[in-house]
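Novice: Encoded as structure tokens, here's the structure I'll be asking about.
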Amino acid sequence: MSKIILITGASTGLGAATARLLAPKNKIIVHYYSSKEAAEKVAQDVEESGGEAFLVQEDLSSEEACVRLVQKVADRYSKLDVLINNAGGMIRRQAARELEWKLMSETFSLNTFSAMKISSLCIPLLEKGEDPNIINISSIAMRHGAPSATIYGACKGAIDSFTRGLANELAPKIRVNAVAPGVIDTPFHEKVSTPEKMKKFKEITPIKRIGEPIHIAKTIKFLIENDFITGETIDVNGGLFMR
């Protein structure tokens, strides 16, 4: 059965890989903010793989933009089967003794508040879907409290907690899960991690390599297909964090 899937932040990295993997026979809503050309390429790839693509542009760091995004989706489709809250990023690293209120507010708006608000707004559409589910993207940063990334880690920790709370509240109709990526080779690290830091990440990862976006996309696909999982956060990090 064809699914209607909204992926935020789908122009590059994890979102783009997920859109391409899920494309065949599905309707993929490709959200982007500034990477229009990249988003158009993702949409083209979705169409060429036998799916249907719908491009939507919004800056999700404000409540108004989140509302506009979901309204655009509702104007196009009468229901939603899957919501993947992937949009976000580390605006910049900052030492704990220097934390700025503005940076904290901006980081939480982009990574946490947007996912929470979009999830809330999409509930009526998801209730009409087939085996509807929400998948949030968390991070290994919430597990090990990465120095200079404490704000970002706290944002993702909030997403982890929100996932469990929402799973309880929306059961049994809507499933809610999360994926916590480790160090993945995406444009995310081009901004915030030096080549030396990436080399160090590789060295300390037990399987001795950096992850690829497809590793996360495959995990998302698994969560969509397995209808007996809810309230779970799956760590995909090459053993960098173990429980």
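Labels for the structure tokens follow display order: chains A, B, ..., residues from 1 in each chain, ligands from 1.
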Could you give me, as a short mmCIF file (atom, residue, chain, number, x, y, z; two decimals) with C-alpha atoms, in the first residue's frame, the residues within 8 Å of A:Glu58, counting only C-alpha atoms and dropping anything in the same chain fewer than 3 positions from it?

Specialist:
data_model
loop_
_atom_site.label_atom_id
_atom_site.label_comp_id
_atom_site.auth_asym_id
_atom_site.auth_seq_id
_atom_site.Cartn_x
_atom_site.Cartn_y
_atom_site.Cartn_z
CA HIS A 31 10.69 19.53 3.21
CA TYR A 32 13.68 21.86 2.95
CA TYR A 33 14.74 25.29 4.15
CA ALA A 65 6.45 28.22 9.90
CA CYS A 66 5.54 24.88 11.45
CA ARG A 68 2.37 26.78 7.45
CA LEU A 69 4.20 23.52 6.69
#

Novice: For stretch 88-104 of chain A, find every residue with an atom within 12 Å (counting only C-alpha atoms), except residues of its own chain fewer than 5 positions away, and show them as a ChimeraX atom specification.

Specialist: /A:7-10,12-15,31-33,59-61,109-115,136-139,141,145-156,159,186-194

Novice: With a distance cut-off of 8 Å and only C-alpha atoms, select the neighbouring residues of A:Ile29, excluding the residue or stretch itself and same-chain residues fewer than 2 positions from it, and output the selection as JSON, numbers by chain.

Specialist: {"A": [4, 5, 6, 7, 27, 31, 53, 54, 55, 56, 73]}

Novice: Just to be explicit: take each residue in the selection above, keep all heavy atoms, and write the result as an mmCIF file, in the first residue's frame.

Specialist:
data_model
loop_
_atom_site.group_PDB
_atom_site.id
_atom_site.type_symbol
_atom_site.label_atom_id
_atom_site.label_comp_id
_atom_site.auth_asym_id
_atom_site.auth_seq_id
_atom_site.Cartn_x
_atom_site.Cartn_y
_atom_site.Cartn_z
ATOM 1 N N ILE A 4 1.894 7.946 2.548
ATOM 2 C CA ILE A 4 2.182 9.374 2.461
ATOM 3 C C ILE A 4 3.132 9.693 3.607
ATOM 4 O O ILE A 4 2.789 9.510 4.776
ATOM 5 C CB ILE A 4 0.900 10.211 2.550
ATOM 6 C CG1 ILE A 4 -0.073 9.806 1.438
ATOM 7 C CG2 ILE A 4 1.235 11.700 2.464
ATOM 8 C CD1 ILE A 4 -1.454 10.434 1.565
ATOM 9 N N ILE A 5 4.324 10.158 3.265
ATOM 10 C CA ILE A 5 5.398 10.308 4.242
ATOM 11 C C ILE A 5 5.954 11.723 4.205
ATOM 12 O O ILE A 5 6.425 12.187 3.161
ATOM 13 C CB ILE A 5 6.539 9.303 3.949
ATOM 14 C CG1 ILE A 5 5.996 7.871 3.939
ATOM 15 C CG2 ILE A 5 7.660 9.449 4.966
ATOM 16 C CD1 ILE A 5 6.992 6.839 3.422
ATOM 17 N N LEU A 6 5.905 12.398 5.339
ATOM 18 C CA LEU A 6 6.503 13.734 5.465
ATOM 19 C C LEU A 6 7.861 13.605 6.119
ATOM 20 O O LEU A 6 7.978 13.066 7.217
ATOM 21 C CB LEU A 6 5.593 14.642 6.302
ATOM 22 C CG LEU A 6 6.199 15.975 6.784
ATOM 23 C CD1 LEU A 6 6.685 16.828 5.625
ATOM 24 C CD2 LEU A 6 5.179 16.738 7.642
ATOM 25 N N ILE A 7 8.901 14.096 5.442
ATOM 26 C CA ILE A 7 10.256 14.084 5.978
ATOM 27 C C ILE A 7 10.742 15.526 6.077
ATOM 28 O O ILE A 7 10.899 16.206 5.057
ATOM 29 C CB ILE A 7 11.224 13.285 5.082
ATOM 30 C CG1 ILE A 7 10.678 11.888 4.805
ATOM 31 C CG2 ILE A 7 12.607 13.203 5.742
ATOM 32 C CD1 ILE A 7 11.520 11.084 3.814
ATOM 33 N N LYS A 27 4.342 8.318 -1.538
ATOM 34 C CA LYS A 27 4.266 9.767 -1.745
ATOM 35 C C LYS A 27 5.152 10.431 -0.689
ATOM 36 O O LYS A 27 4.851 10.351 0.508
ATOM 37 C CB LYS A 27 2.812 10.238 -1.627
ATOM 38 C CG LYS A 27 1.876 9.661 -2.691
ATOM 39 C CD LYS A 27 0.444 10.111 -2.454
ATOM 40 C CE LYS A 27 -0.479 9.654 -3.580
ATOM 41 N NZ LYS A 27 -0.601 8.183 -3.642
ATOM 42 N N HIS A 31 10.561 18.197 2.623
ATOM 43 C CA HIS A 31 10.690 19.530 3.209
ATOM 44 C C HIS A 31 12.144 19.982 3.164
ATOM 45 O O HIS A 31 13.071 19.181 3.358
ATOM 46 C CB HIS A 31 10.216 19.556 4.667
ATOM 47 C CG HIS A 31 10.752 20.750 5.414
ATOM 48 N ND1 HIS A 31 11.888 20.682 6.209
ATOM 49 C CD2 HIS A 31 10.364 22.053 5.439
ATOM 50 C CE1 HIS A 31 12.160 21.877 6.692
ATOM 51 N NE2 HIS A 31 11.248 22.727 6.246
ATOM 52 N N ALA A 53 6.696 12.954 -5.450
ATOM 53 C CA ALA A 53 7.367 13.922 -4.583
ATOM 54 C C ALA A 53 6.592 15.227 -4.525
ATOM 55 O O ALA A 53 6.032 15.681 -5.527
ATOM 56 C CB ALA A 53 8.786 14.181 -5.080
ATOM 57 N N PHE A 54 6.561 15.817 -3.342
ATOM 58 C CA PHE A 54 5.927 17.115 -3.125
ATOM 59 C C PHE A 54 6.909 17.959 -2.320
ATOM 60 O O PHE A 54 7.230 17.625 -1.175
ATOM 61 C CB PHE A 54 4.606 16.942 -2.382
ATOM 62 C CG PHE A 54 3.926 18.227 -2.012
ATOM 63 C CD1 PHE A 54 3.803 19.274 -2.925
ATOM 64 C CD2 PHE A 54 3.385 18.402 -0.745
ATOM 65 C CE1 PHE A 54 3.165 20.462 -2.583
ATOM 66 C CE2 PHE A 54 2.737 19.583 -0.389
ATOM 67 C CZ PHE A 54 2.633 20.616 -1.319
ATOM 68 N N LEU A 55 7.400 19.033 -2.918
ATOM 69 C CA LEU A 55 8.385 19.898 -2.272
ATOM 70 C C LEU A 55 7.710 20.977 -1.433
ATOM 71 O O LEU A 55 6.765 21.619 -1.884
ATOM 72 C CB LEU A 55 9.273 20.571 -3.329
ATOM 73 C CG LEU A 55 10.401 19.733 -3.938
ATOM 74 C CD1 LEU A 55 10.968 20.448 -5.155
ATOM 75 C CD2 LEU A 55 11.496 19.491 -2.915
ATOM 76 N N VAL A 56 8.225 21.175 -0.212
ATOM 77 C CA VAL A 56 7.696 22.213 0.669
ATOM 78 C C VAL A 56 8.868 22.940 1.330
ATOM 79 O O VAL A 56 9.748 22.298 1.908
ATOM 80 C CB VAL A 56 6.792 21.627 1.776
ATOM 81 C CG1 VAL A 56 6.209 22.746 2.614
ATOM 82 C CG2 VAL A 56 5.676 20.789 1.178
ATOM 83 N N VAL A 73 0.723 20.616 3.737
ATOM 84 C CA VAL A 73 0.549 19.168 3.623
ATOM 85 C C VAL A 73 -0.940 18.833 3.606
ATOM 86 O O VAL A 73 -1.403 18.036 2.776
ATOM 87 C CB VAL A 73 1.254 18.443 4.788
ATOM 88 C CG1 VAL A 73 0.928 16.944 4.768
ATOM 89 C CG2 VAL A 73 2.758 18.651 4.715
#

Novice: Based on the backbone DSSP call, show me all residues of stretch 1-239 of chain A assigned strand (DSSP E or B), as number ranges by chain.

Specialist: A: 4-7, 27-32, 52-57, 82-85, 133-137, 175-181, 184, 211, 233-236

Novice: Give the answer as one residue: which of A:Ala171, A:Ile204, A:Ala217, A:Ile184 has the shortest atom-to-atom distance to A:Ile135, using only C-alpha atoms?

Specialist: A:Ala217
